[in-house]
file work.csv (CSV, C-alpha atoms)
chain,number,residue,atom,x,y,z
X,90,ARG,CA,30.8,34.5,15.5
X,91,HIS,CA,29.2,38.0,15.5
X,92,CYS,CA,31.3,40.7,13.9
X,93,PHE,CA,31.0,43.1,16.9
X,94,ALA,CA,32.4,40.5,19.2
X,95,ARG,CA,35.3,40.1,16.7
X,96,HIS,CA,36.0,43.8,17.1
X,97,ALA,CA,36.0,43.6,20.8
X,98,ARG,CA,38.3,40.6,20.7
X,99,ALA,CA,40.5,42.3,18.2
X,100,MET,CA,41.0,45.1,20.6
X,101,ALA,CA,41.9,42.7,23.4
X,102,ILE,CA,44.3,40.8,21.0
X,103,ALA,CA,46.0,44.1,20.1
X,104,SER,CA,46.5,45.1,23.8
X,105,ASN,CA,47.9,41.6,24.7
X,106,ALA,CA,50.2,41.8,21.7
X,107,MET,CA,51.5,45.2,22.8
X,108,MET,CA,52.1,44.0,26.3
X,109,ARG,CA,54.0,40.9,25.0
X,110,THR,CA,56.2,42.8,22.7
X,111,GLY,CA,57.0,45.6,25.2
X,112,VAL,CA,56.8,48.2,22.6
X,113,SER,CA,58.5,51.5,23.4
X,114,VAL,CA,56.5,54.4,22.3
X,115,THR,CA,57.6,57.9,21.5
X,116,ALA,CA,55.6,60.7,20.1
X,117,SER,CA,56.5,61.6,16.6
X,118,ALA,CA,55.5,64.4,14.2
X,119,LEU,CA,55.2,64.7,10.5
X,120,SER,CA,57.0,67.8,9.5
X,121,HIS,CA,57.4,67.7,5.7
X,122,ARG,CA,55.1,69.6,3.4
X,123,ARG,CA,54.7,69.3,-0.4
X,124,ALA,CA,55.9,72.3,-2.3
X,125,ARG,CA,53.2,74.2,-4.2
X,126,HIS,CA,53.7,74.5,-7.9
X,127,SER,CA,51.8,75.3,-11.1
X,128,SER,CA,52.4,75.1,-14.8
X,129,ALA,CA,50.4,75.6,-18.0
X,130,SER,CA,51.0,72.1,-19.3
X,131,THR,CA,48.3,69.5,-19.8
X,132,ARG,CA,48.6,66.0,-18.4
X,133,ARG,CA,46.4,63.0,-19.3
X,134,TYR,CA,45.5,60.3,-16.8
X,135,ALA,CA,44.2,56.9,-17.8
X,136,VAL,CA,41.2,56.3,-15.5
X,137,ALA,CA,40.0,52.7,-15.1
X,138,THR,CA,36.3,52.4,-15.3
X,139,SER,CA,36.3,48.9,-13.9
X,140,VAL,CA,38.5,46.7,-11.7
X,141,ASP,CA,39.2,44.7,-14.9
X,142,ASP,CA,41.2,47.7,-16.2
X,143,VAL,CA,38.7,48.8,-18.9
X,144,GLU,CA,40.1,52.3,-19.4
X,145,THR,CA,38.9,55.7,-20.5
X,146,THR,CA,40.9,58.9,-20.5
X,147,ALA,CA,40.3,62.0,-18.5
X,148,THR,CA,42.2,65.2,-19.3
X,149,VAL,CA,43.4,67.2,-16.3
X,150,LYS,CA,45.0,70.6,-16.7
X,151,ASP,CA,47.5,71.7,-14.1
X,152,GLY,CA,45.7,74.1,-11.8
X,153,ASP,CA,42.3,72.6,-12.5
X,154,VAL,CA,41.3,71.5,-9.1
X,155,GLU,CA,37.9,70.2,-9.9
X,156,ALA,CA,39.0,68.1,-12.8
X,157,THR,CA,41.8,66.6,-10.7
X,158,LYS,CA,39.3,65.7,-8.0
X,159,MET,CA,37.0,64.1,-10.5
X,160,ALA,CA,39.9,62.0,-11.9
X,161,LEU,CA,40.6,60.7,-8.4
X,162,LEU,CA,36.9,60.0,-7.7
X,163,SER,CA,36.7,58.0,-11.0
X,164,ILE,CA,39.4,55.7,-9.8
X,165,ALA,CA,37.8,55.5,-6.3
X,166,ALA,CA,34.4,54.5,-7.8
X,167,ALA,CA,36.0,51.9,-10.2
X,168,SER,CA,38.0,50.3,-7.4
X,169,ALA,CA,35.5,50.2,-4.5
X,170,ARG,CA,37.1,53.0,-2.5
X,171,GLY,CA,40.5,51.6,-3.3
X,172,GLU,CA,39.9,48.2,-1.8
X,173,GLY,CA,39.8,46.5,-5.2
X,174,ALA,CA,42.4,48.7,-6.9
X,175,THR,CA,45.1,47.2,-9.0
X,176,SER,CA,48.7,48.3,-8.6
X,177,SER,CA,48.4,50.5,-11.7
X,178,GLN,CA,45.3,52.1,-10.3
X,179,LYS,CA,47.0,52.8,-7.0
X,180,ASP,CA,50.0,54.3,-8.8
X,181,GLU,CA,47.6,56.4,-10.9
X,182,ALA,CA,45.7,57.6,-7.8
X,183,ARG,CA,48.9,58.5,-5.9
X,184,ALA,CA,50.0,60.6,-8.9
X,185,ILE,CA,46.7,62.4,-9.0
X,186,ILE,CA,46.7,62.9,-5.2
X,187,ASP,CA,50.2,64.4,-5.3
X,188,LYS,CA,49.1,66.8,-8.0
X,189,LEU,CA,46.0,67.8,-6.0
X,190,CYS,CA,48.1,68.3,-2.8
X,191,ALA,CA,50.4,70.6,-4.7
X,192,MET,CA,47.4,72.8,-5.4
X,193,ASN,CA,46.4,73.1,-1.7
X,194,ALA,CA,45.5,76.7,-0.9
X,195,VAL,CA,45.0,76.3,2.8
X,196,ALA,CA,48.3,76.9,4.6
X,197,GLU,CA,47.3,75.6,8.0
X,198,PRO,CA,44.4,73.2,7.7
X,199,ALA,CA,44.3,72.3,11.4
X,200,TYR,CA,43.3,75.9,12.2
X,201,SER,CA,40.8,76.2,9.4
X,202,ASP,CA,37.0,76.2,10.0
X,203,MET,CA,36.7,74.0,6.9
X,204,MET,CA,38.2,71.0,8.9
X,205,ASP,CA,35.0,70.9,11.0
X,206,GLY,CA,32.1,68.6,10.0
X,207,ASP,CA,31.3,65.1,8.8
X,208,TRP,CA,33.6,63.6,6.2
X,209,GLU,CA,33.0,60.3,4.4
X,210,LEU,CA,35.9,58.2,3.3
X,211,VAL,CA,35.9,57.9,-0.6
X,212,TYR,CA,39.4,56.5,-1.3
X,213,THR,CA,42.3,55.0,0.6
X,214,ASP,CA,45.4,53.0,-0.2
X,215,THR,CA,45.1,51.1,3.1
X,216,PHE,CA,42.4,49.3,5.0
X,217,PRO,CA,39.2,51.5,5.4
X,218,PHE,CA,38.9,50.9,9.1
X,219,ARG,CA,42.2,52.7,9.6
X,220,SER,CA,40.2,55.9,9.3
X,221,SER,CA,39.5,55.3,13.0
X,222,PRO,CA,41.9,56.8,15.6
X,223,PHE,CA,41.7,53.4,17.4
X,224,PHE,CA,43.8,51.9,14.6
X,225,TRP,CA,46.2,54.9,14.6
X,226,GLY,CA,46.9,54.0,18.2
X,227,VAL,CA,47.3,50.3,17.4
X,228,GLY,CA,49.8,51.3,14.6
X,229,LYS,CA,51.8,53.5,17.0
X,230,LEU,CA,52.0,50.8,19.7
X,231,LEU,CA,52.6,47.7,17.5
X,232,GLY,CA,55.1,49.3,15.2
X,233,ASP,CA,56.4,46.9,12.6
X,234,ASN,CA,53.9,44.3,13.8
X,235,ALA,CA,50.9,46.5,13.0
X,236,GLY,CA,50.6,45.3,9.4
X,237,PHE,CA,50.0,41.7,10.5
X,238,PHE,CA,47.3,42.9,12.9
X,239,TYR,CA,45.5,44.9,10.2
X,240,SER,CA,45.5,42.0,7.8
X,241,ALA,CA,44.2,39.6,10.5
X,242,HIS,CA,41.4,42.0,11.5
X,243,GLU,CA,40.4,42.5,7.8
X,244,HIS,CA,40.2,38.7,7.4
X,245,GLN,CA,38.1,38.2,10.5
X,246,THR,CA,35.6,41.0,9.6
X,247,SER,CA,35.2,40.2,5.9
X,248,MET,CA,34.3,36.5,6.2
X,249,PHE,CA,31.0,35.4,4.4
X,250,GLY,CA,30.5,38.8,2.8
X,251,GLY,CA,31.1,40.9,5.9
X,252,GLY,CA,33.3,44.0,6.1
X,253,CYS,CA,33.4,47.7,6.4
X,254,GLY,CA,30.5,49.8,5.0
X,255,LYS,CA,30.2,53.5,5.2
X,256,VAL,CA,33.1,55.2,7.0
X,257,VAL,CA,32.6,58.7,8.4
X,258,GLN,CA,35.0,60.9,10.3
X,259,THR,CA,33.6,63.8,12.3
X,260,ILE,CA,35.9,66.7,13.4
X,261,ASP,CA,35.1,69.6,15.7
X,262,MET,CA,38.2,71.6,16.4
X,263,ASN,CA,36.2,74.1,18.5
X,264,THR,CA,35.5,71.4,21.1
X,265,GLY,CA,38.7,69.5,20.3
X,266,LYS,CA,37.1,66.2,19.3
X,267,ILE,CA,37.4,63.7,16.5
X,268,THR,CA,34.9,60.8,16.1
X,269,SER,CA,35.1,57.8,13.7
X,270,ASP,CA,31.9,55.9,12.8
X,271,VAL,CA,32.6,52.7,10.9
X,272,ILE,CA,29.5,50.7,9.8
X,273,VAL,CA,30.4,47.0,9.9
X,274,ARG,CA,28.4,44.2,8.2
X,275,ALA,CA,28.3,41.1,10.4
X,276,SER,CA,27.9,37.7,8.7
X,277,ILE,CA,27.8,34.3,10.1
X,278,GLY,CA,28.2,31.0,8.2
X,279,VAL,CA,29.8,27.6,8.3
X,280,PRO,CA,33.3,27.5,6.8
X,281,LEU,CA,33.8,25.1,3.9
X,282,LEU,CA,30.1,24.4,3.6
X,283,GLY,CA,29.1,27.3,1.4
X,284,PHE,CA,29.8,30.8,0.5
X,285,SER,CA,26.5,32.4,1.6
X,286,PRO,CA,26.0,33.4,5.2
X,287,LEU,CA,23.3,31.8,7.3
X,288,PHE,CA,22.3,35.3,8.3
X,289,SER,CA,23.8,38.8,8.5
X,290,GLY,CA,23.3,42.2,10.1
X,291,PHE,CA,25.1,45.4,10.6
X,292,GLY,CA,26.2,47.9,13.3
X,293,SER,CA,28.7,50.6,14.0
X,294,VAL,CA,32.0,50.8,15.8
X,295,ILE,CA,32.5,54.4,17.0
X,296,THR,CA,35.8,55.7,18.3
X,297,SER,CA,36.2,59.2,19.8
X,298,GLY,CA,39.2,61.1,21.1
X,299,GLU,CA,40.6,64.5,21.7
X,300,ALA,CA,41.7,66.5,18.7
X,301,ASN,CA,44.4,69.2,19.0
X,302,PRO,CA,46.1,71.3,16.3
X,303,PHE,CA,49.7,70.3,15.7
X,304,GLY,CA,52.2,72.1,13.5
X,305,GLY,CA,49.4,73.8,11.5
X,306,ASP,CA,48.7,70.9,9.2
X,307,SER,CA,48.1,68.1,11.6
X,308,ILE,CA,45.7,66.9,14.3
X,309,ALA,CA,47.2,65.2,17.3
X,310,VAL,CA,45.1,62.7,19.2
X,311,PRO,CA,46.3,61.6,22.7
X,312,ILE,CA,46.2,57.8,22.8
X,313,SER,CA,44.9,57.9,26.4
X,314,SER,CA,41.8,59.9,25.3
X,315,LEU,CA,40.4,57.2,23.0
X,316,SER,CA,37.2,55.4,23.7
X,317,THR,CA,35.3,52.9,21.5
X,318,THR,CA,31.6,52.1,21.5
X,319,VAL,CA,29.9,49.2,19.8
X,320,ARG,CA,26.4,49.9,18.5
X,321,GLN,CA,24.2,47.0,17.2
X,322,ASP,CA,22.0,48.8,14.7
X,323,ASP,CA,19.7,45.8,13.9
X,324,ALA,CA,19.4,44.2,17.4
X,325,SER,CA,16.6,41.8,16.2
X,326,VAL,CA,19.1,39.7,14.2
X,327,LEU,CA,21.0,38.4,17.2
X,328,PRO,CA,19.0,39.2,20.4
X,329,ALA,CA,21.3,37.1,22.5
X,330,LEU,CA,24.1,39.7,21.8
X,331,ASN,CA,22.1,42.7,22.6
X,332,PHE,CA,24.1,43.2,25.7
X,333,LEU,CA,26.9,44.4,23.5
X,334,ASN,CA,24.8,47.2,22.1
X,335,GLY,CA,26.1,50.5,23.4
X,336,SER,CA,29.0,48.9,25.3
X,337,THR,CA,32.2,51.0,25.5
X,338,VAL,CA,35.7,49.6,25.5
X,339,PRO,CA,38.2,51.7,27.5
X,340,VAL,CA,40.9,51.4,24.7
X,341,GLY,CA,42.5,54.7,25.8
X,342,ASP,CA,43.1,53.4,29.3
X,343,ILE,CA,44.5,50.2,28.0
X,344,MET,CA,46.9,51.9,25.6
X,345,GLY,CA,47.8,54.5,28.1
X,346,ARG,CA,49.1,51.9,30.5
X,347,ILE,CA,51.4,50.5,27.8
X,348,ALA,CA,52.6,53.8,26.3
X,349,ASP,CA,53.7,57.1,27.7
X,350,GLY,CA,50.5,58.7,28.9
X,351,SER,CA,51.3,61.8,26.8
X,352,SER,CA,51.9,59.8,23.6
X,353,GLU,CA,49.9,61.0,20.6
X,354,VAL,CA,49.0,59.9,17.1
X,355,LEU,CA,48.8,62.2,14.1
X,356,MET,CA,46.7,62.8,11.1
X,357,THR,CA,48.2,65.3,8.6
X,358,THR,CA,46.0,67.1,6.1
X,359,LYS,CA,47.7,67.7,2.7
X,360,TYR,CA,44.8,69.2,0.8
X,361,LEU,CA,41.6,70.9,2.1
X,362,ASP,CA,38.7,72.8,0.6
X,363,LYS,CA,35.1,73.2,1.6
X,364,ASN,CA,34.1,69.8,0.2
X,365,PHE,CA,37.2,67.7,-0.2
X,366,ARG,CA,40.1,66.6,2.1
X,367,VAL,CA,43.2,64.5,1.6
X,368,SER,CA,44.9,63.4,4.9
X,369,THR,CA,47.8,61.0,5.6
X,370,LEU,CA,48.7,58.9,8.6
X,371,GLU,CA,52.2,58.6,10.1
X,372,ASP,CA,53.1,55.7,7.8
X,373,ASP,CA,52.1,57.9,4.8
X,374,SER,CA,48.9,55.9,4.1
X,375,VAL,CA,46.4,58.1,2.3
X,376,LEU,CA,42.8,58.8,3.4
X,377,VAL,CA,40.6,60.8,1.0
X,378,TYR,CA,37.3,62.3,2.2
X,379,ARG,CA,34.4,64.1,0.8
X,380,ARG,CA,32.1,66.3,3.0
X,381,VAL,CA,28.8,64.6,3.8
call {"tool": "encode", "arguments": {"input": "work.csv", "output": "structure tokens"}}
result
Amino acid sequence: RHCFARHARAMAIASNAMMRTGVSVTASALSHRRARHSSASTRRYAVATSVDDVETTATVKDGDVEATKMALLSIAAASARGEGATSSQKDEARAIIDKLCAMNAVAEPAYSDMMDGDWELVYTDTFPFRSSPFFWGVGKLLGDNAGFFYSAHEHQTSMFGGGCGKVVQTIDMNTGKITSDVIVRASIGVPLLGFSPLFSGFGSVITSGEANPFGGDSIAVPISSLSTTVRQDDASVLPALNFLNGSTVPVGDIMGRIADGSSEVLMTTKYLDKNFRVSTLEDDSVLVYRRV
């Protein structure tokens, strides 16, 4: 089954599940901020250089922003963007992220010009595809059932070597728009008869929505504003599915019929500079980006 079709089916499954469960949706906001602090002490972080926990040590001084970012990027590189991270690596990364956020110098990131531009996901403690506002909406509408949907979607898209490739988030607060572009590798094979796909290709799943400042540190995206487009980048692999290329799924309309039309999903930015950003979703999942 082609991976893009899986994405479209996943959206339909999510919508049906929402209708069956009759989820009641209310808009919520993240209001907590981490207190800034500084000290002259030196802390040492064990940074794994491979998923097998071969370790080196990086020294990070409190207040040394660049060294802190490099310590986090070391873990990100060693754990395939966090997807292969061990529990100890995740704990290590969370401690470094907390330290970095405490050194944030931008009081209201949502109003800063530095928010604008293209940002590539370099680390996350959740599924990479959750960088997309579509999955923020799914999480809001499915509530406690969202975790099962995320896991099922990950399983479907990762069979036979498939999965998420480059994940880029584009923000333009001047025009009030946020766009997620997730490159997806599509692989087709025969279950139980081998581990290699018969053939594979790739494409993009692009979700856009309105982006409005909220509380100074957050971006609010109205669920009803979301739209998702499937782009088949190498159409020669499966010509029979070329009709999917450029097709747009009205996910906002579907979600808006289930939820209050004014319902919003939030992304809160805890750290921002001209090249690096740490944001969290409403369930406190972390998304770390580097400017492209």
call {"tool": "atom_distance", "arguments": {"input": "work.csv", "atom1": "CA of Gly345 in chain X", "atom2": "CA of Thr268 in chain X"}}
result
18.7 Å
call {"tool": "closest_residue", "arguments": {"input": "work.csv", "among": "X:Asp214, X:Glu209, X:Asp153, X:Asp202", "to": "Asp373 in chain X", "atoms": "all atoms listed in the file"}}
result
X:Asp214
call {"tool": "atom_distance", "arguments": {"input": "work.csv", "atom1": "CA of Ser269 in chain X", "atom2": "CA of Asp362 in chain X"}}
result
20.2 Å
call {"tool": "atom_distance", "arguments": {"input": "work.csv", "atom1": "CA of Thr318 in chain X", "atom2": "CA of Asp261 in chain X"}}
result
18.8 Å
call {"tool": "closest_residue", "arguments": {"input": "work.csv", "among": "X:Val381, X:Val310, X:Leu315, X:Ala166", "to": "Met356 in chain X", "atoms": "all atoms listed in the file"}}
result
X:Val310
call {"tool": "residues_around", "arguments": {"input": "work.csv", "residues": "Thr369 in chain X", "least_positions_apart": "4", "cutoff": "9 Å", "atoms": "all atoms listed in the file", "output": "number ranges by chain"}}
result
X: 355-359, 373-377
call {"tool": "residues_around", "arguments": {"input": "work.csv", "residues": "Ile295 in chain X", "least_positions_apart": "4", "cutoff": "9 Å", "atoms": "all atoms listed in the file", "output": "PDB file with C-alpha atoms, keeping the file's coordinate frame"}}
result
ATOM      1  CA  SER X 221      39.500  55.300  13.000  1.00  0.00           C
ATOM      2  CA  THR X 268      34.900  60.800  16.100  1.00  0.00           C
ATOM      3  CA  SER X 269      35.100  57.800  13.700  1.00  0.00           C
ATOM      4  CA  ASP X 270      31.900  55.900  12.800  1.00  0.00           C
ATOM      5  CA  VAL X 271      32.600  52.700  10.900  1.00  0.00           C
ATOM      6  CA  ILE X 272      29.500  50.700   9.800  1.00  0.00           C
ATOM      7  CA  SER X 316      37.200  55.400  23.700  1.00  0.00           C
ATOM      8  CA  THR X 317      35.300  52.900  21.500  1.00  0.00           C
ATOM      9  CA  THR X 318      31.600  52.100  21.500  1.00  0.00           C
ATOM     10  CA  VAL X 319      29.900  49.200  19.800  1.00  0.00           C
ATOM     11  CA  ARG X 320      26.400  49.900  18.500  1.00  0.00           C
TER      12      ARG X 320
END
call {"tool": "closest_residue", "arguments": {"input": "work.csv", "among": "X:Asp306, X:Asp233, X:Glu371, X:Glu181", "to": "Ala160 in chain X", "atoms": "all atoms listed in the file"}}
result
X:Glu181
call {"tool": "closest_residue", "arguments": {"input": "work.csv", "among": "X:Gly305, X:Gly298, X:Gly252, X:Gly341", "to": "Met204 in chain X", "atoms": "all atoms listed in the file"}}
result
X:Gly305
call {"tool": "closest_residue", "arguments": {"input": "work.csv", "among": "X:Trp225, X:Val294, X:Ser307, X:Ala199", "to": "Asn263 in chain X", "atoms": "all atoms listed in the file"}}
result
X:Ala199
call {"tool": "residues_around", "arguments": {"input": "work.csv", "residues": "range 169-176 of chain X", "least_positions_apart": "4", "cutoff": "8 Å", "atoms": "all atoms listed in the file", "output": "mmCIF file with C-alpha atoms, keeping the file's coordinate frame"}}
result
data_model
loop_
_atom_site.group_PDB
_atom_site.id
_atom_site.type_symbol
_atom_site.label_atom_id
_atom_site.label_comp_id
_atom_site.auth_asym_id
_atom_site.auth_seq_id
_atom_site.Cartn_x
_atom_site.Cartn_y
_atom_site.Cartn_z
ATOM 1 C CA VAL X 140 38.500 46.700 -11.700
ATOM 2 C CA ILE X 164 39.400 55.700 -9.800
ATOM 3 C CA ALA X 165 37.800 55.500 -6.300
ATOM 4 C CA ASP X 180 50.000 54.300 -8.800
ATOM 5 C CA LEU X 210 35.900 58.200 3.300
ATOM 6 C CA VAL X 211 35.900 57.900 -0.600
ATOM 7 C CA TYR X 212 39.400 56.500 -1.300
ATOM 8 C CA THR X 213 42.300 55.000 0.600
ATOM 9 C CA ASP X 214 45.400 53.000 -0.200
ATOM 10 C CA THR X 215 45.100 51.100 3.100
ATOM 11 C CA PHE X 216 42.400 49.300 5.000
ATOM 12 C CA PRO X 217 39.200 51.500 5.400
#
call {"tool": "closest_residue", "arguments": {"input": "work.csv", "among": "X:Ala300, X:Ala156, X:Asp187, X:Gly232", "to": "Tyr200 in chain X", "atoms": "all atoms listed in the file"}}
result
X:Ala300
call {"tool": "residues_around", "arguments": {"input": "work.csv", "residues": "Asp342 in chain X", "least_positions_apart": "2", "cutoff": "9 Å", "atoms": "all atoms listed in the file", "output": "PyMOL selection string"}}
result
chain X and resi 312-316+339-340+344-347
call {"tool": "build_atoms", "arguments": {"input": "work.csv", "residues": "range 197-213 of chain X", "atoms": "N, CA and C atoms", "output": "compact mmCIF listing (two decimals), keeping the file's coordinate frame"}}
result
# COMPACT_ATOMS: atom_id res chain seq x y z
N GLU X 197 47.33 76.30 6.74
CA GLU X 197 47.30 75.60 8.00
C GLU X 197 45.92 74.97 8.23
N PRO X 198 45.71 73.82 7.62
CA PRO X 198 44.40 73.20 7.70
C PRO X 198 43.88 72.93 9.11
N ALA X 199 44.77 72.64 10.03
CA ALA X 199 44.30 72.30 11.40
C ALA X 199 43.67 73.49 12.08
N TYR X 200 43.92 74.69 11.59
CA TYR X 200 43.30 75.90 12.20
C TYR X 200 42.17 76.43 11.32
N SER X 201 41.83 75.74 10.26
CA SER X 201 40.80 76.20 9.40
C SER X 201 39.42 75.70 9.80
N ASP X 202 38.41 76.56 9.69
CA ASP X 202 37.00 76.20 10.00
C ASP X 202 36.55 75.07 9.06
N MET X 203 37.18 74.97 7.89
CA MET X 203 36.70 74.00 6.90
C MET X 203 37.04 72.54 7.38
N MET X 204 37.89 72.37 8.38
CA MET X 204 38.20 71.00 8.90
C MET X 204 36.94 70.45 9.61
N ASP X 205 36.13 71.32 10.20
CA ASP X 205 35.00 70.90 11.00
C ASP X 205 33.90 70.26 10.14
N GLY X 206 33.23 69.25 10.67
CA GLY X 206 32.10 68.60 10.00
C GLY X 206 32.23 67.16 9.81
N ASP X 207 31.32 66.57 9.03
CA ASP X 207 31.30 65.10 8.80
C ASP X 207 31.94 64.86 7.42
N TRP X 208 32.87 63.91 7.41
CA TRP X 208 33.60 63.60 6.20
C TRP X 208 33.51 62.07 5.94
N GLU X 209 33.08 61.72 4.73
CA GLU X 209 33.00 60.30 4.40
C GLU X 209 34.22 59.87 3.58
N LEU X 210 34.77 58.73 3.95
CA LEU X 210 35.90 58.20 3.30
C LEU X 210 35.52 57.73 1.86
N VAL X 211 36.22 58.23 0.82
CA VAL X 211 35.90 57.90 -0.60
C VAL X 211 37.03 57.11 -1.25
N TYR X 212 38.24 57.22 -0.70
CA TYR X 212 39.40 56.50 -1.30
C TYR X 212 40.45 56.33 -0.22
N THR X 213 41.12 55.18 -0.25
CA THR X 213 42.30 55.00 0.60
C THR X 213 43.18 53.92 -0.02
